[in-house]
file target-v5.cif (mmCIF, C-alpha atoms and all ligand atoms)
data_input
#
loop_
_atom_site.label_atom_id
_atom_site.label_comp_id
_atom_site.auth_asym_id
_atom_site.auth_seq_id
_atom_site.Cartn_x
_atom_site.Cartn_y
_atom_site.Cartn_z
CA MET A 1 26.80 -41.32 135.54
CA HIS A 2 28.71 -42.00 138.72
CA PHE A 3 29.97 -39.28 141.07
CA ASN A 4 32.71 -39.89 143.64
CA ILE A 5 32.47 -37.14 146.24
CA VAL A 6 35.47 -36.57 148.47
CA THR A 7 34.15 -34.61 151.44
CA LEU A 8 34.56 -34.15 155.18
CA PHE A 9 30.78 -33.71 155.37
CA PRO A 10 28.98 -36.52 153.49
CA GLU A 11 25.83 -35.71 155.48
CA PHE A 12 25.69 -32.36 153.67
CA PHE A 13 24.44 -34.19 150.57
CA SER A 14 21.57 -36.17 152.07
CA GLY A 15 18.44 -34.30 151.12
CA PRO A 16 19.60 -32.40 148.01
CA LEU A 17 20.47 -35.63 146.17
CA ASP A 18 17.29 -37.38 147.23
CA CYS A 19 14.57 -34.99 146.16
CA GLY A 20 12.98 -33.84 142.91
CA LEU A 21 14.27 -34.94 139.53
CA LEU A 22 17.69 -35.80 140.96
CA GLY A 23 16.08 -38.15 143.51
CA ARG A 24 14.11 -39.80 140.71
CA ALA A 25 17.20 -40.12 138.52
CA ARG A 26 18.98 -41.73 141.46
CA ASP A 27 16.11 -44.20 141.98
CA ALA A 28 16.21 -45.00 138.24
CA ARG A 29 20.00 -45.51 138.53
CA LEU A 30 20.71 -42.80 135.95
CA VAL A 31 23.05 -41.26 138.51
CA SER A 32 24.86 -42.78 141.48
CA PHE A 33 27.02 -41.38 144.25
CA ALA A 34 29.84 -42.63 146.47
CA PHE A 35 31.16 -40.62 149.40
CA ILE A 36 34.75 -40.78 150.56
CA ASN A 37 35.59 -39.02 153.79
CA PRO A 38 39.33 -38.23 153.99
CA ARG A 39 39.01 -38.36 157.78
CA ASP A 40 38.35 -42.11 157.47
CA LEU A 41 41.72 -42.49 155.73
CA THR A 42 43.85 -40.79 158.38
CA CYS A 43 46.33 -42.83 160.42
CA ASP A 44 46.64 -40.80 163.62
CA LYS A 45 44.50 -41.24 166.72
CA ARG A 46 42.92 -37.79 166.38
CA ARG A 47 42.04 -38.37 162.70
CA THR A 48 43.69 -35.09 161.71
CA VAL A 49 42.84 -33.65 158.28
CA ASP A 50 43.97 -30.03 158.64
CA ALA A 51 46.96 -28.04 159.86
CA ARG A 52 48.21 -24.46 160.10
CA PRO A 53 49.62 -22.90 156.92
CA TYR A 54 53.39 -22.72 156.49
CA GLY A 55 54.46 -19.09 156.44
CA GLY A 56 51.69 -18.15 158.87
CA GLY A 57 48.27 -16.69 158.21
CA PRO A 58 44.75 -17.26 159.42
CA GLY A 59 42.82 -20.53 159.48
CA MET A 60 43.67 -24.10 158.70
CA ILE A 61 44.64 -25.88 155.48
CA LEU A 62 43.36 -29.31 154.35
CA MET A 63 46.39 -31.62 154.37
CA ALA A 64 47.47 -33.27 151.12
CA GLU A 65 47.91 -36.73 152.69
CA PRO A 66 44.30 -37.68 153.54
CA ILE A 67 42.99 -36.28 150.23
CA SER A 68 45.72 -38.11 148.34
CA ALA A 69 44.76 -41.33 150.15
CA ALA A 70 41.12 -40.75 149.21
CA LEU A 71 42.02 -40.25 145.54
CA GLN A 72 44.27 -43.33 145.51
CA SER A 73 41.42 -45.38 146.94
CA LEU A 74 39.40 -44.30 143.87
CA GLY A 75 42.05 -45.37 141.35
CA PHE A 76 44.10 -42.19 140.90
CA THR A 77 47.89 -42.48 141.12
CA PRO A 78 50.21 -39.63 142.16
CA HIS A 79 52.21 -38.18 139.23
CA SER A 80 49.96 -39.90 136.69
CA ALA A 81 47.33 -38.39 134.42
CA ALA A 82 45.39 -41.67 134.40
CA GLY A 83 42.39 -42.25 136.63
CA PRO A 84 38.74 -43.28 136.59
CA GLY A 85 37.62 -40.02 134.91
CA PRO A 86 37.63 -36.23 135.24
CA LEU A 87 38.72 -34.91 138.64
CA PHE A 88 37.58 -31.55 140.03
CA LEU A 89 38.56 -29.60 143.13
CA PHE A 90 36.11 -26.91 144.25
CA LYS A 91 37.59 -23.70 145.48
CA ALA A 92 36.71 -20.01 145.24
CA GLY A 93 39.91 -19.34 143.31
CA GLY A 94 39.22 -21.95 140.60
CA ARG A 95 38.28 -21.15 137.05
CA PRO A 96 34.56 -20.54 136.56
CA PHE A 97 32.43 -23.62 135.93
CA THR A 98 30.13 -22.94 132.95
CA GLN A 99 27.19 -24.41 131.09
CA THR A 100 29.52 -25.26 128.19
CA GLU A 101 31.54 -27.44 130.54
CA ALA A 102 28.38 -29.00 132.01
CA ARG A 103 27.34 -29.91 128.48
CA ARG A 104 30.76 -31.36 127.69
CA LEU A 105 30.76 -33.48 130.86
CA ALA A 106 27.20 -34.67 130.25
CA ARG A 107 28.38 -36.05 126.89
CA GLU A 108 31.30 -37.94 128.48
CA ARG A 109 31.48 -41.54 127.40
CA LEU A 110 27.77 -41.94 126.79
CA GLU A 111 28.20 -45.62 125.99
CA ASN A 112 29.97 -46.60 129.25
CA GLU A 113 29.15 -45.30 132.66
CA PRO A 114 31.14 -42.09 133.04
CA CYS A 115 32.62 -41.27 136.42
CA LEU A 116 33.35 -37.81 137.82
CA THR A 117 35.36 -37.29 141.01
CA LEU A 118 34.65 -34.16 143.01
CA VAL A 119 36.91 -32.98 145.84
CA CYS A 120 35.30 -30.49 148.19
CA GLY A 121 37.77 -28.04 149.69
CA ARG A 122 37.25 -26.78 153.24
CA TYR A 123 38.88 -24.36 155.69
CA GLU A 124 41.24 -21.82 154.13
CA GLY A 125 42.12 -24.15 151.26
CA VAL A 126 43.83 -27.39 150.28
CA ASP A 127 47.60 -28.05 150.26
CA ALA A 128 48.67 -26.83 146.79
CA ARG A 129 50.75 -29.98 146.14
CA LEU A 130 47.53 -31.87 145.49
CA GLU A 131 47.17 -30.03 142.19
CA GLU A 132 50.74 -30.97 141.25
CA LEU A 133 50.29 -34.63 142.09
CA PHE A 134 46.93 -35.36 140.45
CA PRO A 135 45.26 -34.33 137.15
CA VAL A 136 42.86 -32.10 139.01
CA GLU A 137 41.00 -29.08 137.62
CA SER A 138 40.09 -26.49 140.21
CA VAL A 139 36.74 -24.84 139.56
CA SER A 140 34.60 -22.19 141.19
CA VAL A 141 30.84 -21.72 140.93
CA GLY A 142 30.95 -17.95 141.34
CA ASP A 143 32.85 -14.96 142.60
CA PHE A 144 31.90 -15.41 146.23
CA VAL A 145 33.30 -17.46 149.10
CA LEU A 146 31.46 -20.48 150.49
CA ASN A 147 32.32 -22.38 153.66
CA GLY A 148 33.53 -25.23 151.51
CA GLY A 149 33.18 -26.94 148.16
CA GLU A 150 30.14 -29.07 149.05
CA ALA A 151 27.49 -26.57 147.87
CA ALA A 152 29.60 -25.99 144.74
CA ALA A 153 29.80 -29.75 144.08
CA LEU A 154 26.01 -29.93 144.28
CA CYS A 155 25.83 -27.24 141.60
CA LEU A 156 28.02 -29.26 139.25
CA ILE A 157 26.15 -32.51 139.97
CA GLU A 158 22.80 -30.92 139.19
CA ALA A 159 24.00 -28.97 136.13
CA VAL A 160 25.55 -32.09 134.58
CA SER A 161 22.97 -34.70 135.62
CA ARG A 162 20.02 -32.79 134.21
CA LEU A 163 21.62 -32.89 130.75
CA ARG A 164 22.00 -36.67 130.75
CA PRO A 165 19.63 -38.52 128.44
CA GLY A 166 16.49 -39.64 130.26
CA PHE A 167 16.91 -37.20 133.16
CA MET A 168 14.14 -34.86 132.02
CA GLY A 169 10.76 -35.80 130.68
CA HIS A 170 10.91 -33.62 127.55
CA ALA A 171 14.15 -33.77 125.63
CA GLU A 172 13.80 -30.12 124.64
CA SER A 173 13.25 -28.62 128.08
CA GLY A 174 17.01 -28.68 128.64
CA ALA A 175 17.79 -27.09 125.31
CA GLU A 176 15.53 -24.03 125.55
CA GLU A 177 16.86 -22.66 128.80
CA SER A 178 19.17 -19.85 129.72
CA PHE A 179 22.73 -20.25 128.41
CA SER A 180 21.83 -23.06 126.05
CA GLY A 181 22.36 -20.86 122.99
CA SER A 182 24.50 -18.48 125.05
CA LEU A 183 21.41 -16.34 125.63
CA LEU A 184 19.38 -15.87 128.80
CA GLU A 185 15.87 -17.27 128.90
CA TYR A 186 12.86 -15.20 127.84
CA PRO A 187 10.22 -14.50 130.53
CA GLN A 188 7.51 -17.15 130.97
CA TYR A 189 3.93 -16.73 132.22
CA THR A 190 1.15 -19.08 133.26
CA ARG A 191 -2.44 -18.82 134.50
CA PRO A 192 -4.15 -16.51 135.38
CA GLU A 193 -4.00 -14.08 132.45
CA THR A 194 -4.03 -11.11 134.83
CA PHE A 195 -2.43 -11.24 138.26
CA ALA A 196 -2.26 -8.31 140.70
CA GLY A 197 -3.17 -5.99 137.83
CA LEU A 198 -0.41 -7.31 135.57
CA ALA A 199 -1.47 -8.84 132.25
CA VAL A 200 0.44 -11.45 130.28
CA PRO A 201 1.93 -9.93 127.07
CA GLU A 202 -0.83 -10.11 124.46
CA ILE A 203 1.25 -11.80 121.78
CA LEU A 204 1.53 -14.92 123.98
CA LEU A 205 -2.27 -15.32 123.92
CA SER A 206 -2.57 -14.75 120.17
CA GLY A 207 -1.84 -18.25 118.89
CA ASP A 208 0.49 -16.60 116.33
CA HIS A 209 3.40 -19.04 116.60
CA ARG A 210 5.76 -17.03 114.42
CA GLY A 211 4.94 -13.85 116.38
CA ILE A 212 5.48 -15.65 119.69
CA ALA A 213 8.84 -17.06 118.56
CA ASP A 214 9.95 -13.56 117.44
CA TRP A 215 8.80 -12.01 120.72
CA ARG A 216 10.65 -14.65 122.74
CA ARG A 217 13.83 -14.28 120.72
CA ARG A 218 13.80 -10.52 121.25
CA ALA A 219 13.01 -10.90 124.96
CA SER A 220 16.02 -13.24 125.26
CA LEU A 221 18.27 -10.82 123.43
CA ARG A 222 17.09 -7.91 125.58
CA ALA A 223 17.57 -9.85 128.86
CA THR A 224 21.06 -10.92 127.77
CA LEU A 225 22.07 -7.42 126.74
CA GLU A 226 20.79 -5.99 130.03
CA LYS A 227 22.05 -8.62 132.44
CA ARG A 228 24.88 -10.60 130.82
CA PRO A 229 26.22 -8.71 127.79
CA ASP A 230 29.40 -10.79 128.08
CA LEU A 231 27.45 -13.80 126.73
CA LEU A 232 26.55 -12.09 123.46
CA SER A 233 29.99 -12.48 121.92
CA GLY A 234 29.60 -16.29 122.13
CA ALA A 235 25.99 -16.40 120.92
CA ALA A 236 24.83 -17.49 117.48
CA LEU A 237 23.23 -14.30 116.18
CA ASP A 238 21.76 -13.65 112.74
CA GLN A 239 21.57 -10.28 110.99
CA GLU A 240 18.11 -9.56 112.42
CA ASP A 241 19.35 -10.29 115.97
CA ARG A 242 22.29 -7.95 115.47
CA GLU A 243 20.11 -5.14 114.22
CA PHE A 244 17.73 -5.56 117.15
CA ILE A 245 20.58 -5.54 119.66
CA SER A 246 22.16 -2.47 118.19
CA SER A 247 18.81 -0.61 118.26
CA LEU A 248 18.45 -1.59 121.94
CA ASP A 249 22.06 -0.87 122.73
CA ARG A 250 21.60 2.78 121.78
CA THR A 251 18.68 3.25 124.16
CA LEU A 252 19.94 1.07 127.00
CA SER A 253 23.54 2.15 126.88
CA LEU A 254 24.81 4.39 129.61
CA GLY A 255 27.20 5.80 127.01
CA ALA A 256 24.73 8.56 126.17
CA ASN A 257 25.41 10.08 129.62
CA LEU A 258 29.16 9.91 129.13
CA TYR A 259 30.95 12.92 127.60
CA CYS A 260 34.61 13.48 126.97
CA ALA A 261 36.78 16.52 126.50
CA LEU A 262 40.20 16.88 124.94
CA VAL A 263 41.88 19.63 126.95
CA HIS A 264 44.63 21.68 125.25
CA TYR A 265 45.11 24.12 128.13
CA PRO A 266 46.33 23.92 130.87
CA VAL A 267 48.41 20.82 130.13
CA LEU A 268 51.96 19.84 131.00
CA ASP A 269 54.94 20.12 128.68
CA ARG A 270 58.00 17.85 128.83
CA GLU A 271 59.47 19.88 131.71
CA GLU A 272 56.18 19.61 133.60
CA ASN A 273 55.31 23.29 133.11
CA SER A 274 51.75 24.33 132.33
CA THR A 275 51.27 25.21 128.71
CA ALA A 276 48.81 25.21 125.80
CA ALA A 277 49.14 22.46 123.21
CA SER A 278 48.08 22.81 119.61
CA LEU A 279 45.34 20.94 117.79
CA THR A 280 46.05 17.48 116.32
CA ASN A 281 43.78 16.45 113.46
CA LEU A 282 44.28 12.76 114.17
CA ASP A 283 43.14 13.09 117.81
CA ILE A 284 39.96 14.89 116.76
CA HIS A 285 39.05 12.25 114.17
CA ASP A 286 39.94 9.24 116.28
CA ILE A 287 38.37 10.35 119.56
CA ALA A 288 35.24 11.36 117.63
CA ARG A 289 35.11 7.90 116.04
CA SER A 290 35.54 6.18 119.41
CA SER A 291 32.94 8.47 121.00
CA CYS A 292 30.46 7.62 118.24
CA SER A 293 31.20 3.88 118.42
CA TYR A 294 30.57 3.88 122.19
CA GLY A 295 27.46 6.08 121.95
CA LEU A 296 28.90 9.04 123.93
CA GLY A 297 26.77 12.15 124.24
CA ALA A 298 29.39 14.60 122.91
CA PHE A 299 33.12 15.15 122.50
CA TYR A 300 34.41 18.59 123.49
CA VAL A 301 37.59 19.93 121.93
CA LEU A 302 38.74 22.67 124.32
CA ILE A 303 41.36 25.10 123.13
CA PRO A 304 41.73 28.77 124.13
CA LEU A 305 43.71 29.99 121.09
CA ASP A 306 41.36 31.71 118.65
CA ASP A 307 43.24 30.73 115.48
CA GLN A 308 43.31 27.08 116.57
CA ARG A 309 39.55 27.13 117.22
CA GLU A 310 39.17 28.63 113.75
CA LEU A 311 41.14 25.70 112.36
CA LEU A 312 38.91 23.27 114.29
CA ARG A 313 35.81 24.86 112.78
CA GLU A 314 37.25 24.50 109.29
CA ILE A 315 38.02 20.83 109.83
CA LEU A 316 34.55 20.14 111.24
CA LEU A 317 32.85 22.02 108.45
CA TYR A 318 34.71 20.07 105.81
CA TRP A 319 33.82 16.70 107.34
CA THR A 320 30.28 17.36 108.55
CA GLY A 321 28.97 19.62 105.77
CA GLY A 322 31.55 19.86 103.00
CA ARG A 323 33.15 17.48 100.53
CA GLY A 324 34.31 15.17 103.32
CA ALA A 325 30.71 14.54 104.42
CA LEU A 326 29.73 13.56 100.90
CA SER A 327 32.60 11.14 100.45
CA ASN A 328 32.45 9.70 104.01
CA PRO A 329 29.08 9.96 105.78
CA ASP A 330 30.28 7.71 108.63
CA ARG A 331 33.01 10.22 109.43
CA ALA A 332 30.43 13.00 109.26
CA ALA A 333 28.35 11.18 111.91
CA ALA A 334 31.38 10.86 114.20
CA LEU A 335 32.55 14.46 113.80
CA ALA A 336 29.01 15.73 114.37
CA LEU A 337 29.62 14.78 118.02
CA VAL A 338 32.40 17.34 118.36
CA ARG A 339 31.70 20.58 120.21
CA GLU A 340 34.21 23.36 120.49
CA GLY A 341 35.02 25.36 123.59
CA ARG A 342 37.75 27.56 125.05
CA ASP A 343 38.19 25.76 128.35
CA ILE A 344 36.79 23.20 130.79
CA GLU A 345 34.30 25.73 132.17
CA ASP A 346 32.81 26.15 128.65
CA ALA A 347 32.18 22.40 128.44
CA VAL A 348 30.63 22.30 131.92
CA GLU A 349 28.29 25.20 131.08
CA ASP A 350 27.28 23.64 127.78
CA LEU A 351 26.53 20.33 129.49
CA GLN A 352 24.56 22.04 132.20
CA ARG A 353 22.45 23.73 129.51
CA ARG A 354 21.96 20.48 127.59
CA THR A 355 21.20 18.18 130.49
CA GLY A 356 20.01 20.47 133.26
CA GLN A 357 22.59 18.86 135.57
CA ARG A 358 26.12 19.72 136.56
CA PRO A 359 28.33 16.94 135.17
CA LEU A 360 30.66 14.96 137.36
CA LEU A 361 34.15 15.95 136.23
CA ILE A 362 36.62 13.09 136.07
CA GLY A 363 40.28 13.68 135.30
CA THR A 364 42.47 11.07 133.61
CA SER A 365 46.20 10.59 133.95
CA ALA A 366 48.76 8.05 132.80
CA ARG A 367 50.40 8.24 136.24
CA SER A 368 48.89 8.69 139.69
CA PRO A 369 49.32 12.45 140.10
CA ALA A 370 50.09 13.88 143.52
CA CYS A 371 46.67 15.38 144.16
CA ALA A 372 43.98 14.87 146.74
CA LEU A 373 41.31 13.75 144.27
CA PRO A 374 39.34 10.62 145.15
CA LEU A 375 39.94 7.74 142.75
CA LEU A 376 36.78 6.35 141.11
CA GLY A 377 36.99 2.80 139.70
CA PHE A 378 35.63 2.06 136.21
CA ALA A 379 32.55 0.32 137.62
CA GLU A 380 31.95 3.23 139.97
CA ILE A 381 32.10 5.67 137.07
CA ALA A 382 29.56 3.49 135.23
CA GLY A 383 27.40 3.65 138.39
CA GLU A 384 27.56 7.46 138.30
CA LEU A 385 26.36 7.44 134.67
CA ALA A 386 23.03 6.10 135.81
CA LYS A 387 22.58 9.23 137.96
CA ARG A 388 24.13 12.16 136.10
CA PRO A 389 26.25 13.21 133.14
CA VAL A 390 29.94 12.40 133.50
CA LEU A 391 32.61 14.42 131.70
CA LEU A 392 35.94 12.66 131.23
CA LEU A 393 38.85 15.03 130.75
CA PHE A 394 41.85 13.96 128.67
CA GLY A 395 44.96 16.11 128.58
CA THR A 396 47.02 16.64 125.41
CA GLY A 397 50.80 17.21 125.72
CA HIS A 398 52.09 15.43 128.82
CA GLY A 399 48.73 15.32 130.52
CA LEU A 400 46.37 17.55 132.50
CA ALA A 401 48.14 20.26 134.51
CA PRO A 402 47.41 20.52 138.27
CA GLU A 403 45.16 23.57 137.61
CA ALA A 404 42.97 21.38 135.35
CA LEU A 405 42.92 18.53 137.86
CA ALA A 406 41.91 21.00 140.57
CA LEU A 407 38.59 21.48 138.73
CA CYS A 408 37.83 17.75 138.78
CA ASP A 409 35.61 15.91 141.26
CA ALA A 410 37.51 12.64 140.93
CA LEU A 411 40.25 10.83 139.06
CA ALA A 412 39.82 7.76 136.83
CA PRO A 413 42.28 4.88 137.38
CA SER A 414 45.42 4.86 135.28
CA LEU A 415 45.09 2.30 132.44
CA ARG A 416 48.45 0.53 132.91
CA PRO A 417 49.35 1.28 136.53
CA LEU A 418 51.77 -1.61 136.89
CA GLY A 419 53.51 -1.69 133.53
CA GLY A 420 56.87 -0.06 132.98
CA TYR A 421 56.23 1.49 129.57
CA ASN A 422 53.05 3.57 129.74
CA HIS A 423 52.83 5.95 126.80
CA LEU A 424 49.47 5.45 125.11
CA SER A 425 48.46 8.20 122.72
CA VAL A 426 45.58 10.23 124.09
CA ARG A 427 43.30 8.84 121.37
CA ALA A 428 44.20 5.25 122.27
CA ALA A 429 43.76 5.99 125.99
CA ALA A 430 40.33 7.54 125.35
CA ALA A 431 39.14 4.43 123.47
CA VAL A 432 40.39 2.04 126.17
CA MET A 433 38.84 4.20 128.89
CA PHE A 434 35.42 4.21 127.16
CA ASP A 435 35.58 0.45 126.87
CA ARG A 436 36.56 -0.10 130.50
CA ILE A 437 33.81 2.20 131.77
CA LEU A 438 30.99 1.04 129.55
CA ASN A 439 32.27 -2.52 129.55
CA ASP A 440 29.21 -3.43 127.55
CA TRP A 441 30.43 -6.30 125.38
CA ARG A 442 33.11 -7.47 127.78
N1 LIG B 1 34.68 -23.02 147.92
C1 LIG B 1 34.50 -21.83 148.53
N2 LIG B 1 33.92 -20.93 147.72
C2 LIG B 1 33.72 -21.58 146.53
C3 LIG B 1 33.19 -21.18 145.28
N3 LIG B 1 32.73 -19.95 145.06
N4 LIG B 1 33.16 -22.09 144.28
C4 LIG B 1 33.66 -23.34 144.48
N5 LIG B 1 34.16 -23.77 145.64
C5 LIG B 1 34.21 -22.90 146.66
#

call {"tool": "encode", "arguments": {"input": "target-v5.cif", "output": "structure tokens"}}
result
Amino acid sequence: MHFNIVTLFPEFFSGPLDCGLLGRARDARLVSFAFINPRDLTCDKRRTVDARPYGGGPGMILMAEPISAALQSLGFTPHSAAGPGPLFLFKAGGRPFTQTEARRLARERLENEPCLTLVCGRYEGVDARLEELFPVESVSVGDFVLNGGEAAALCLIEAVSRLRPGFMGHAESGAEESFSGSLLEYPQYTRPETFAGLAVPEILLSGDHRGIADWRRRASLRATLEKRPDLLSGAALDQEDREFISSLDRTLSLGANLYCALVHYPVLDREENSTAASLTNLDIHDIARSSCSYGLGAFYVLIPLDDQRELLREILLYWTGGRGALSNPDRAAALALVREGRDIEDAVEDLQRRTGQRPLLIGTSARSPACALPLLGFAEIAGELAKRPVLLLFGTGHGLAPEALALCDALAPSLRPLGGYNHLSVRAAAAVMFDRILNDWR
């Protein structure tokens, strides 16, 4: 595989490309590299490659002309999709480069020598016209900013080269690693059996190959669920895997520390006056179902009117202990999460009794209400869940009244802050909010 590297700093690559397996692959001519410095293709005396951005702003921009000249010297033609092979531009704002793509590139034209061209951005960026002129894909190697694309190009070179046939001694060492089946790698151990008081897991010393394979599979699933749950949706999982993950998910999930309350008083009416709203059967069922699906600790239905609380009790009794429970046990499990109360203070007291901690009270609103509450982002709310119970308050009617918001410690972000139409039902908003906060399957 041949790599053309367009860079202002070819010297950056000496060293990384010469050592270890990559160095050996280079010696064996499995991979080869050519460096093209756009500065060598400039026409002015000062060999200029960068200039200030039009429209102002900090820093310098890599000019299109020297990069275009470099690409033309490699066989690319402006306004044409043809060229010697795939062309990448590294920049922080590119789409993420993944193992799937590394695998796809490693399979490129196995019979002929495939050629990848890598353009390393520098300064504040590259003139955007380059991406209009050439069939270039801009990629990033992570959500952080490097000084330039050189370190990113090295990542791609290594990720792709190591998957080429003959690069590694054992054909399978590439296949068993993290990401290969969309799962992270299981932990590995080597001699000695005990180090600094820590013993190797016994199963690995047992010689029980089936047992070891099961242990490794579960360790991979656990690591992926804990560190990169977003990968699980793309993983090939069998029924046993799914059952194991869901058993883990219950114990690992922060959802158990999240509680929600549906507040019926004080809420706003259409004229923005404080009022009490009446119970809605659908909200109780649907928020209970979402709470159960996301593993929440409890769902409080708070309503001060005695006859309405009576009605709530009747509904709950029917579905958790009566005929409803017999015909629909799943619904019984969801509605078993519901707790009744008169007001927000009732829910706080109950939580304090249950958990021994005062919950963090977080208000929700479709708009940004004019109040002095600090805004907590979804990730920040998830961070709080690791420390203490969090009670999310949802208002019925036209939302929580200022007196209810005054009891809160913070406000959750609005779900559709930029859209024009923003009228989710409270049960839909609750489900979306749980998902954004717990964000567990991304
Ligand atoms: N250039 C600067 N930061 C980068 C990143 N994260 N990935 C690719 N190229 C970059």

call {"tool": "residues_around", "arguments": {"input": "target-v5.cif", "residues": "segment 135-149 of chain A", "least_positions_apart": "2", "cutoff": "7 Å", "atoms": "only C-alpha atoms", "output": "ChimeraX atom specification"}}
result
/A:81,87-97,120-123,131,151-153

call {"tool": "closest_residue", "arguments": {"input": "target-v5.cif", "among": "A:Val119, A:Ile344, A:Ile284, A:Ala386", "to": "Leu62 of chain A", "atoms": "only C-alpha atoms"}}
result
A:Val119

call {"tool": "axis_aligned_box", "arguments": {"input": "target-v5.cif", "around": "segment 83-101 of chain A", "padding_each_side": "4 Å", "output": "JSON"}}
result
{"center_x": 34.8, "center_y": -31.3, "center_z": 136.8, "size_x": 23.2, "size_y": 31.9, "size_z": 25.3}

call {"tool": "residues_around", "arguments": {"input": "target-v5.cif", "residues": "Gln357 of chain A", "least_positions_apart": "4", "cutoff": "8 Å", "atoms": "all atoms listed in the file", "output": "count of residues only"}}
result
5

call {"tool": "residues_around", "arguments": {"input": "target-v5.cif", "residues": "Cys371 of chain A", "least_positions_apart": "5", "cutoff": "12 Å", "atoms": "all atoms listed in the file", "output": "PDB file with C-alpha atoms, keeping the file's coordinate frame"}}
result
ATOM      1  CA  GLY A 363      40.280  13.680 135.300  1.00  0.00           C
ATOM      2  CA  SER A 365      46.200  10.590 133.950  1.00  0.00           C
ATOM      3  CA  LEU A 400      46.370  17.550 132.500  1.00  0.00           C
ATOM      4  CA  ALA A 401      48.140  20.260 134.510  1.00  0.00           C
ATOM      5  CA  PRO A 402      47.410  20.520 138.270  1.00  0.00           C
ATOM      6  CA  GLU A 403      45.160  23.570 137.610  1.00  0.00           C
ATOM      7  CA  ALA A 404      42.970  21.380 135.350  1.00  0.00           C
ATOM      8  CA  LEU A 405      42.920  18.530 137.860  1.00  0.00           C
ATOM      9  CA  ALA A 406      41.910  21.000 140.570  1.00  0.00           C
ATOM     10  CA  LEU A 407      38.590  21.480 138.730  1.00  0.00           C
ATOM     11  CA  CYS A 408      37.830  17.750 138.780  1.00  0.00           C
ATOM     12  CA  ASP A 409      35.610  15.910 141.260  1.00  0.00           C
ATOM     13  CA  ALA A 410      37.510  12.640 140.930  1.00  0.00           C
ATOM     14  CA  LEU A 411      40.250  10.830 139.060  1.00  0.00           C
TER      15      LEU A 411
END

call {"tool": "atom_distance", "arguments": {"input": "target-v5.cif", "atom1": "atom CA of Pro114 of chain A", "atom2": "atom CA of Gly181 of chain A"}}
result
25.1 Å

call {"tool": "atom_distance", "arguments": {"input": "target-v5.cif", "atom1": "atom CA of Ile362 of chain A", "atom2": "atom CA of Ser425 of chain A"}}
result
18.5 Å

call {"tool": "atom_distance", "arguments": {"input": "target-v5.cif", "atom1": "atom CA of Tyr186 of chain A", "atom2": "atom CA of Arg436 of chain A"}}
result
28.2 Å

call {"tool": "closest_residue", "arguments": {"input": "target-v5.cif", "among": "A:Gly125, A:Gly399, A:Pro86, A:Pro53", "to": "ligand LIG 1 (chain B)", "atoms": "only C-alpha atoms and all ligand atoms"}}
result
A:Gly125

call {"tool": "closest_residue", "arguments": {"input": "target-v5.cif", "among": "A:Glu340, A:Glu150, A:Glu310, A:Asp286", "to": "ligand LIG 1 (chain B)", "atoms": "all atoms listed in the file"}}
result
A:Glu150
